[in-house]
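Here's my_file.tsv, which has TSV, C-alpha atoms:
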chain	number	residue	atom	x	y	z
L	1450	MET	CA	0.00	0.00	0.00
L	1451	THR	CA	3.01	2.28	-0.09
L	1452	GLY	CA	2.96	5.21	-2.47
L	1453	ASN	CA	5.65	6.99	-4.44
L	1454	TYR	CA	7.13	9.68	-2.24
L	1455	PRO	CA	10.13	11.97	-2.86
L	1456	LEU	CA	13.42	11.29	-1.13
L	1457	TYR	CA	14.40	13.68	1.65
L	1458	ASN	CA	17.81	14.84	2.78
L	1459	ILE	CA	19.02	13.85	6.21
L	1460	PRO	CA	18.06	14.05	9.00
L	1461	MET	CA	15.74	11.08	8.79
L	1462	ARG	CA	12.45	12.31	10.20
L	1463	TYR	CA	9.91	10.31	12.17
L	1464	ASP	CA	6.52	11.68	13.22
L	1465	VAL	CA	5.08	9.40	15.88
L	1466	PHE	CA	1.38	9.67	16.74
L	1467	THR	CA	0.57	8.03	20.06
L	1468	LEU	CA	-1.49	8.27	23.22
L	1469	PHE	CA	1.65	7.71	25.29
L	1470	PRO	CA	4.55	9.83	23.98
L	1471	GLU	CA	6.35	9.56	27.32
L	1472	MET	CA	7.03	5.88	26.59
L	1473	PHE	CA	9.61	6.87	23.95
L	1474	SER	CA	11.84	9.14	26.00
L	1475	ALA	CA	13.89	6.50	27.79
L	1476	TYR	CA	14.55	4.58	24.58
L	1477	LEU	CA	15.40	7.56	22.38
L	1478	ASP	CA	17.62	9.23	24.99
L	1479	GLU	CA	20.15	6.41	25.23
L	1480	SER	CA	23.06	5.01	23.24
L	1481	ILE	CA	23.20	5.20	19.44
L	1482	LEU	CA	19.82	6.86	18.90
L	1483	LYS	CA	20.64	9.60	21.39
L	1484	ARG	CA	23.98	10.36	19.74
L	1485	ALA	CA	22.42	10.32	16.28
L	1486	ARG	CA	19.73	12.76	17.35
L	1487	GLN	CA	22.28	15.05	18.96
L	1488	ALA	CA	24.32	14.93	15.75
L	1489	GLY	CA	21.30	16.01	13.74
L	1490	LEU	CA	21.04	12.72	11.83
L	1491	LEU	CA	17.62	11.78	13.23
L	1492	ASP	CA	14.60	13.98	13.90
L	1493	VAL	CA	12.00	12.19	16.03
L	1494	ARG	CA	8.84	14.18	16.71
L	1495	LEU	CA	6.28	12.83	19.16
L	1496	HIS	CA	2.64	13.90	18.86
L	1497	ASN	CA	0.05	13.17	21.52
L	1498	ILE	CA	-3.23	12.27	19.82
L	1499	ARG	CA	-5.13	13.48	22.90
L	1500	ASP	CA	-4.01	17.03	22.11
L	1501	TYR	CA	-6.16	16.92	18.98
L	1502	THR	CA	-9.46	16.01	20.64
L	1503	SER	CA	-12.31	18.51	20.74
L	1504	ASP	CA	-14.09	17.56	23.99
L	1505	ARG	CA	-13.09	18.50	27.52
L	1506	HIS	CA	-12.43	14.89	28.47
L	1507	HIS	CA	-9.96	14.40	25.58
L	1508	THR	CA	-11.78	11.28	24.43
L	1509	THR	CA	-9.87	9.17	21.93
L	1510	ASP	CA	-11.85	5.91	21.98
L	1511	ASP	CA	-15.42	4.64	21.98
L	1512	VAL	CA	-17.41	1.39	22.00
L	1513	PRO	CA	-17.47	-0.55	18.70
L	1514	TYR	CA	-20.55	-0.53	16.50
L	1515	GLY	CA	-22.15	-3.97	16.47
L	1516	GLY	CA	-21.08	-4.74	20.02
L	1517	GLY	CA	-18.16	-6.75	21.31
L	1518	GLY	CA	-15.52	-6.24	23.93
L	1519	GLY	CA	-12.93	-3.52	24.09
L	1520	MET	CA	-12.78	-0.01	22.74
L	1521	VAL	CA	-11.86	1.40	19.34
L	1522	MET	CA	-9.78	4.52	18.66
L	1523	LYS	CA	-11.93	7.26	17.16
L	1524	PRO	CA	-11.17	8.64	13.69
L	1525	GLU	CA	-11.57	12.37	14.44
L	1526	PRO	CA	-8.54	12.94	16.69
L	1527	ILE	CA	-6.32	10.69	14.56
L	1528	PHE	CA	-7.17	12.55	11.34
L	1529	ALA	CA	-6.82	15.89	13.13
L	1530	ALA	CA	-3.42	14.96	14.52
L	1531	VAL	CA	-1.90	13.52	11.36
L	1532	GLU	CA	-3.32	16.13	8.98
L	1533	GLY	CA	-2.60	18.94	11.43
L	1534	VAL	CA	1.08	17.99	11.47
L	1535	LEU	CA	1.65	16.61	7.98
L	1536	GLY	CA	-1.03	18.30	5.90
L	1537	ALA	CA	-3.97	16.87	3.98
L	1538	PRO	CA	-3.09	14.61	2.38
L	1539	PRO	CA	0.22	13.84	4.10
L	1540	THR	CA	3.27	13.98	1.84
L	1541	CYS	CA	5.05	11.03	3.47
L	1542	PRO	CA	4.05	7.42	4.24
L	1543	VAL	CA	1.64	7.05	7.16
L	1544	ILE	CA	2.26	3.66	8.74
L	1545	LEU	CA	-0.09	1.97	11.16
L	1546	LEU	CA	1.58	-0.49	13.56
L	1547	THR	CA	-0.84	-3.41	13.68
L	1548	PRO	CA	-0.78	-7.23	13.86
L	1549	GLN	CA	-2.66	-7.19	10.55
L	1550	GLY	CA	0.16	-5.47	8.67
L	1551	ARG	CA	2.92	-6.86	6.49
L	1552	THR	CA	5.76	-8.38	8.47
L	1553	PHE	CA	8.62	-6.01	9.26
L	1554	THR	CA	11.90	-7.25	7.77
L	1555	GLN	CA	15.32	-5.84	6.94
L	1556	ARG	CA	14.12	-5.28	3.38
L	1557	VAL	CA	11.21	-3.20	4.68
L	1558	ALA	CA	13.60	-1.23	6.89
L	1559	GLU	CA	15.74	-0.46	3.83
L	1560	GLU	CA	12.65	0.61	1.92
L	1561	LEU	CA	11.56	2.98	4.67
L	1562	ALA	CA	15.05	4.43	5.12
L	1563	GLY	CA	14.88	5.50	1.49
L	1564	GLN	CA	11.77	7.57	2.15
L	1565	GLY	CA	13.58	10.11	4.31
L	1566	GLN	CA	10.44	10.80	6.36
L	1567	ILE	CA	7.77	8.48	7.73
L	1568	ALA	CA	4.84	8.82	10.11
L	1569	LEU	CA	4.15	6.06	12.63
L	1570	LEU	CA	0.64	5.66	14.02
L	1571	CYS	CA	0.45	3.66	17.24
L	1572	GLY	CA	-2.83	1.84	17.70
L	1573	ARG	CA	-4.28	0.93	21.10
L	1574	TYR	CA	-7.20	-1.04	22.54
L	1575	GLU	CA	-9.01	-3.11	19.87
L	1576	GLY	CA	-7.47	-1.01	17.13
L	1577	VAL	CA	-8.41	2.06	15.12
L	1578	ASP	CA	-11.61	2.93	13.27
L	1579	GLU	CA	-11.41	1.30	9.84
L	1580	ARG	CA	-11.86	4.65	8.11
L	1581	VAL	CA	-8.39	5.59	9.37
L	1582	VAL	CA	-7.02	2.51	7.59
L	1583	GLN	CA	-8.95	3.14	4.40
L	1584	TYR	CA	-8.49	6.89	3.97
L	1585	LEU	CA	-5.41	8.00	5.94
L	1586	VAL	CA	-2.97	5.13	6.41
L	1587	THR	CA	-0.75	4.22	3.43
L	1588	ASP	CA	0.98	1.18	4.94
L	1589	GLU	CA	0.49	-1.31	7.78
L	1590	ILE	CA	3.38	-3.04	9.54
L	1591	SER	CA	3.52	-5.88	12.05
L	1592	LEU	CA	6.47	-7.16	14.06
L	1593	GLY	CA	5.15	-10.71	13.75
L	1594	ASP	CA	2.30	-13.05	14.46
L	1595	PHE	CA	1.60	-11.96	18.01
L	1596	VAL	CA	-0.39	-9.20	19.71
L	1597	LEU	CA	0.94	-6.36	21.88
L	1598	THR	CA	-1.02	-3.88	23.95
L	1599	GLY	CA	-0.18	-1.04	21.60
L	1600	GLY	CA	1.90	0.16	18.69
L	1601	GLU	CA	4.53	1.97	20.73
L	1602	VAL	CA	7.00	-0.92	21.04
L	1603	PRO	CA	6.71	-1.75	17.31
L	1604	ALA	CA	7.23	1.95	16.49
L	1605	MET	CA	10.45	1.95	18.54
L	1606	ALA	CA	11.60	-1.18	16.72
L	1607	VAL	CA	10.95	0.44	13.35
L	1608	ILE	CA	12.79	3.63	14.36
L	1609	ASP	CA	15.76	1.61	15.61
L	1610	ALA	CA	16.04	-0.67	12.57
L	1611	VAL	CA	15.56	2.11	10.02
L	1612	SER	CA	17.90	4.52	11.80
L	1613	ARG	CA	20.78	2.03	11.63
L	1614	LEU	CA	20.62	2.43	7.84
L	1615	VAL	CA	20.91	6.22	7.91
L	1616	PRO	CA	24.45	7.27	6.88
L	1617	GLY	CA	26.50	8.33	9.89
L	1618	VAL	CA	24.30	6.80	12.58
L	1619	LEU	CA	26.60	3.83	13.14
L	1620	GLY	CA	30.26	4.51	13.82
L	1621	ASP	CA	31.35	1.87	11.31
L	1622	PRO	CA	29.81	2.56	7.89
L	1623	GLU	CA	29.95	-1.16	7.05
L	1624	ALA	CA	28.36	-2.34	10.31
L	1625	ALA	CA	24.79	-2.39	8.99
L	1626	GLN	CA	25.91	-4.32	5.89
L	1627	ASN	CA	27.20	-7.15	8.09
L	1628	ASP	CA	24.12	-7.44	10.31
L	1629	SER	CA	21.95	-10.53	10.28
L	1630	HIS	CA	19.46	-10.44	7.37
L	1631	ALA	CA	21.27	-7.56	5.63
L	1632	SER	CA	22.94	-9.99	3.20
L	1633	GLY	CA	20.19	-12.59	3.24
L	1634	LEU	CA	22.05	-14.64	5.85
L	1635	LEU	CA	22.30	-14.68	9.61
L	1636	GLU	CA	25.42	-13.00	10.91
L	1637	TYR	CA	28.57	-15.00	11.61
L	1638	PRO	CA	29.75	-15.65	15.24
L	1639	HIS	CA	31.64	-12.92	17.07
L	1640	PHE	CA	34.49	-13.27	19.57
L	1641	THR	CA	36.50	-10.79	21.63
L	1642	ARG	CA	39.17	-10.88	24.36
L	1643	PRO	CA	40.27	-12.93	26.19
L	1644	PRO	CA	41.49	-15.48	23.61
L	1645	GLU	CA	40.76	-18.28	26.09
L	1646	PHE	CA	37.93	-18.38	28.62
L	1647	ARG	CA	37.20	-21.41	30.81
L	1648	GLY	CA	39.03	-23.54	28.31
L	1649	TRP	CA	37.01	-22.27	25.36
L	1650	GLU	CA	39.26	-20.71	22.75
L	1651	VAL	CA	38.65	-18.18	20.03
L	1652	PRO	CA	38.98	-19.90	16.61
L	1653	GLU	CA	42.56	-19.72	15.44
L	1654	VAL	CA	41.62	-18.27	12.06
L	1655	LEU	CA	40.32	-15.10	13.72
L	1656	ARG	CA	43.69	-14.57	15.40
L	1657	SER	CA	45.71	-15.32	12.30
L	1658	GLY	CA	45.64	-11.87	10.73
L	1659	ASN	CA	44.87	-13.47	7.36
L	1660	HIS	CA	41.95	-11.33	6.22
L	1661	ALA	CA	41.11	-13.46	3.20
L	1662	GLU	CA	40.82	-16.56	5.37
L	1663	ILE	CA	38.85	-14.66	7.99
L	1664	GLU	CA	36.32	-13.50	5.38
L	1665	LYS	CA	36.06	-17.03	4.01
L	1666	TRP	CA	35.47	-18.43	7.53
L	1667	ARG	CA	32.85	-15.82	8.31
L	1668	ARG	CA	30.98	-16.52	5.08
L	1669	GLU	CA	31.02	-20.25	5.77
L	1670	GLN	CA	29.84	-19.73	9.33
L	1671	ALA	CA	27.03	-17.39	8.20
L	1672	GLU	CA	25.82	-19.93	5.66
L	1673	GLN	CA	26.01	-22.80	8.16
L	1674	ARG	CA	24.22	-20.85	10.88
L	1675	THR	CA	21.48	-19.80	8.48
L	1676	ARG	CA	21.07	-23.36	7.22
L	1677	GLU	CA	20.75	-24.70	10.77
L	1678	ARG	CA	18.61	-21.97	12.33
L	1679	ARG	CA	16.68	-20.36	9.48
L	1680	PRO	CA	16.61	-22.68	6.45
L	1681	ASP	CA	13.59	-20.76	5.19
L	1682	MET	CA	15.94	-17.87	4.37
L	1683	LEU	CA	17.72	-20.12	1.86
L	1684	ASP	CA	14.60	-21.38	0.13
L	1685	GLY	CA	15.00	-18.93	-2.69
L	1686	GLU	CA	18.46	-20.18	-3.62

The structure given in the file should be rewritten as structure tokens.
Amino acid sequence: MTGNYPLYNIPMRYDVFTLFPEMFSAYLDESILKRARQAGLLDVRLHNIRDYTSDRHHTTDDVPYGGGGGMVMKPEPIFAAVEGVLGAPPTCPVILLTPQGRTFTQRVAEELAGQGQIALLCGRYEGVDERVVQYLVTDEISLGDFVLTGGEVPAMAVIDAVSRLVPGVLGDPEAAQNDSHASGLLEYPHFTRPPEFRGWEVPEVLRSGNHAEIEKWRREQAEQRTRERRPDMLDGE
């Protein structure tokens, strides 16, 4: 359901629409994401959907038509929030985090990194009014075949995975290329000092200094690990 949107220059911008913006602070203010934001490589903007309600109780949900348990997020504040920030219609992808969406993968992360700007809509309760899906959302993404209490954790996962692909975010420009799934394989095993621990030694090839042999070993290990743990990733070969 993605559209054709223009590429943007860095920083990579995320507009997150949520009922609980405070959930993101601890995650965004640590480690790599914090440094990338401080360096101006990432621009994460949090928008509280409750701020776009029109009643004094700041109501964002209501009972579902047709009955049933749970509550459904109302369309009015969601449309008001997204269009108020991004315009009508929005000029970037608007992604709903939902168990019904396409599965989030490294390929999807690469696709989104190329957009330059994305909006992430965090559902809650039984979900959002279907008119939001039909007339506002351009894409739906799921972390997998399980259900969470809201879209905030998936939104953080998307921000993290996509941000790793933004030039300059990782200290080593080749780091993201070597990650699991980046090359279609799981990543090879890693070792660090000490060379011997409790009788378990680091493979000799890694200490040899022979870079050609090291690369060959890593490729073989990646293929073996993928074959043993995720043979489905090799089905297309």

Distance of atom CA of L:Ala1568 from atom CA of L:Lys1523, expressed in Å to one decimal place: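 Result for atom CA of L:Lys1523 versus atom CA of L:Ala1568: 18.3 Å, one decimal.
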
Minimum-distance residue to L:Arg1486, chosen among L:Ile1498, L:Val1615, L:Ala1671, L:Leu1535 (using all atoms listed in the file): L:Val1615

Nearest candidate to L:Thr1467 (options L:Gly1599, L:Pro1680, L:Pro1542, L:Gly1658; using only C-alpha atoms):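 Once distances to L:Thr1467 are computed over only C-alpha atoms, the minimum belongs to L:Gly1599.
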
One-decimal distance in Å that lies between atom CA of L:Tyr1501 and atom CA of L:Pro1526: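 Pair atom CA of L:Pro1526 / atom CA of L:Tyr1501 returns 5.2 Å.
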
Residue with smallest distance to L:Met1472 - pool L:Cys1541, L:Val1607, L:Ala1661, L:Leu1495, counting all atoms listed in the file: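 The closest residue to L:Met1472 is L:Leu1495.
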
Give one line per residue of stretch 1594-1660 of chain L that approaches stretch 1570-1576 of chain L to at most 7 Å, naming the two atoms of the closest pair and their distance in Å to one decimal, counting only C-alpha atoms; sort by chain then ascending residue number and deliver it as JSON lines.
{"residue": "L:Thr1598", "atom": "CA", "partner": "L:Arg1573", "partner_atom": "CA", "distance": 6.5}
{"residue": "L:Gly1599", "atom": "CA", "partner": "L:Arg1573", "partner_atom": "CA", "distance": 4.6}
{"residue": "L:Gly1600", "atom": "CA", "partner": "L:Cys1571", "partner_atom": "CA", "distance": 4.1}
{"residue": "L:Glu1601", "atom": "CA", "partner": "L:Cys1571", "partner_atom": "CA", "distance": 5.6}

Distance of atom CA of L:Val1521 from atom CA of L:Asp1464, expressed in Å to one decimal place: 21.9 Å

Proximity to L:Val1581 - best of L:Glu1525, L:Asp1510, L:Asp1609, L:Glu1664, only C-alpha atoms: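 Nearest candidate to L:Val1581 out of L:Glu1525, L:Asp1510, L:Asp1609, L:Glu1664: L:Glu1525.
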
Distance criterion (all atoms listed in the file): nearest to L:Pro1616 out of L:Thr1552, L:Val1577, L:Pro1470, L:Leu1490: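 So, comparing all the options, the nearest one is L:Leu1490.
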
Residues within 12 Å of L:Ala1488, all atoms listed in the file, excluding chain neighbours under 4 positions, as a list in words: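 My list of contacting residues is Ile1459, Pro1460, Met1461, Ile1481, Leu1482, Lys1483, Arg1484, Asp1492, Pro1616, Gly1617, Val1618 and Leu1619 of chain L.
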
Residue nearest L:Phe1595 - candidates L:Ala1562, L:Arg1674, L:Gly1550, L:Leu1468, atoms counted: only C-alpha atoms: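 Comparing L:Ala1562, L:Arg1674, L:Gly1550, L:Leu1468 against L:Phe1595, the winner is L:Gly1550.
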
Shell around L:Glu1579 at 10 Å using all atoms listed in the file, local window under 4 positions removed, as number ranges by chain: L: 1521-1524, 1583-1586

Show me the residues close to (36.8, -17.1, 17.0) - anything with an atom within 12 Å, counting all atoms listed in the file - and format the list as a short mmCIF file (atom, residue, chain, number, x, y, z; two decimals) with C-alpha atoms, keeping the file's coordinate frame.
data_model
loop_
_atom_site.label_atom_id
_atom_site.label_comp_id
_atom_site.auth_asym_id
_atom_site.auth_seq_id
_atom_site.Cartn_x
_atom_site.Cartn_y
_atom_site.Cartn_z
CA TYR L 1637 28.57 -15.00 11.61
CA PRO L 1638 29.75 -15.65 15.24
CA HIS L 1639 31.64 -12.92 17.07
CA PHE L 1640 34.49 -13.27 19.57
CA THR L 1641 36.50 -10.79 21.63
CA ARG L 1642 39.17 -10.88 24.36
CA PRO L 1643 40.27 -12.93 26.19
CA PRO L 1644 41.49 -15.48 23.61
CA GLU L 1645 40.76 -18.28 26.09
CA PHE L 1646 37.93 -18.38 28.62
CA TRP L 1649 37.01 -22.27 25.36
CA GLU L 1650 39.26 -20.71 22.75
CA VAL L 1651 38.65 -18.18 20.03
CA PRO L 1652 38.98 -19.90 16.61
CA GLU L 1653 42.56 -19.72 15.44
CA VAL L 1654 41.62 -18.27 12.06
CA LEU L 1655 40.32 -15.10 13.72
CA ARG L 1656 43.69 -14.57 15.40
CA SER L 1657 45.71 -15.32 12.30
CA ILE L 1663 38.85 -14.66 7.99
CA TRP L 1666 35.47 -18.43 7.53
CA ARG L 1667 32.85 -15.82 8.31
CA GLN L 1670 29.84 -19.73 9.33
#

Could you please fill out stretch 1522-1547 of chain L with N, CA and C atoms and send it back as a short mmCIF file (atom, residue, chain, number, x, y, z; two decimals), in the frame of the given file?
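Once everything was written out, this is out07.cif:
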data_model
loop_
_atom_site.label_atom_id
_atom_site.label_comp_id
_atom_site.auth_asym_id
_atom_site.auth_seq_id
_atom_site.Cartn_x
_atom_site.Cartn_y
_atom_site.Cartn_z
N MET L 1522 -10.25 3.14 18.77
CA MET L 1522 -9.78 4.52 18.66
C MET L 1522 -10.59 5.27 17.62
N LYS L 1523 -11.06 6.46 17.99
CA LYS L 1523 -11.93 7.26 17.16
C LYS L 1523 -11.17 7.88 15.97
N PRO L 1524 -11.86 8.08 14.85
CA PRO L 1524 -11.17 8.64 13.69
C PRO L 1524 -10.85 10.12 13.79
N GLU L 1525 -11.75 10.91 14.46
CA GLU L 1525 -11.57 12.37 14.44
C GLU L 1525 -10.22 12.84 14.98
N PRO L 1526 -9.83 12.44 16.19
CA PRO L 1526 -8.54 12.94 16.69
C PRO L 1526 -7.35 12.43 15.91
N ILE L 1527 -7.44 11.22 15.34
CA ILE L 1527 -6.32 10.69 14.56
C ILE L 1527 -6.15 11.51 13.28
N PHE L 1528 -7.25 11.74 12.55
CA PHE L 1528 -7.17 12.55 11.34
C PHE L 1528 -6.69 13.96 11.67
N ALA L 1529 -7.21 14.52 12.75
CA ALA L 1529 -6.82 15.89 13.13
C ALA L 1529 -5.34 15.97 13.46
N ALA L 1530 -4.83 14.96 14.15
CA ALA L 1530 -3.42 14.96 14.52
C ALA L 1530 -2.52 14.82 13.30
N VAL L 1531 -2.77 13.80 12.50
CA VAL L 1531 -1.90 13.52 11.36
C VAL L 1531 -1.97 14.65 10.33
N GLU L 1532 -3.18 15.07 9.98
CA GLU L 1532 -3.32 16.13 8.98
C GLU L 1532 -2.87 17.48 9.52
N GLY L 1533 -3.05 17.68 10.83
CA GLY L 1533 -2.60 18.94 11.43
C GLY L 1533 -1.08 19.08 11.39
N VAL L 1534 -0.38 17.97 11.48
CA VAL L 1534 1.08 17.99 11.47
C VAL L 1534 1.64 17.87 10.06
N LEU L 1535 1.06 16.97 9.27
CA LEU L 1535 1.65 16.61 7.98
C LEU L 1535 0.91 17.17 6.78
N GLY L 1536 -0.25 17.79 7.01
CA GLY L 1536 -1.03 18.30 5.90
C GLY L 1536 -2.03 17.28 5.39
N ALA L 1537 -2.93 17.74 4.52
CA ALA L 1537 -3.97 16.87 3.98
C ALA L 1537 -3.96 16.96 2.46
N PRO L 1538 -3.56 15.86 1.79
CA PRO L 1538 -3.09 14.61 2.38
C PRO L 1538 -1.63 14.71 2.80
N PRO L 1539 -1.18 13.83 3.69
CA PRO L 1539 0.22 13.84 4.10
C PRO L 1539 1.14 13.56 2.91
N THR L 1540 2.32 14.14 2.94
CA THR L 1540 3.27 13.98 1.84
C THR L 1540 4.34 12.92 2.13
N CYS L 1541 4.13 12.12 3.17
CA CYS L 1541 5.05 11.03 3.47
C CYS L 1541 4.22 9.80 3.84
N PRO L 1542 4.80 8.61 3.86
CA PRO L 1542 4.05 7.42 4.24
C PRO L 1542 3.50 7.54 5.66
N VAL L 1543 2.27 7.11 5.84
CA VAL L 1543 1.64 7.05 7.16
C VAL L 1543 1.45 5.57 7.49
N ILE L 1544 2.19 5.10 8.46
CA ILE L 1544 2.26 3.66 8.74
C ILE L 1544 1.55 3.34 10.05
N LEU L 1545 0.60 2.45 9.97
CA LEU L 1545 -0.09 1.97 11.16
C LEU L 1545 0.61 0.72 11.67
N LEU L 1546 0.99 0.70 12.95
CA LEU L 1546 1.58 -0.49 13.56
C LEU L 1546 0.45 -1.37 14.05
N THR L 1547 0.30 -2.54 13.41
CA THR L 1547 -0.84 -3.41 13.68
C THR L 1547 -0.48 -4.85 13.40
#
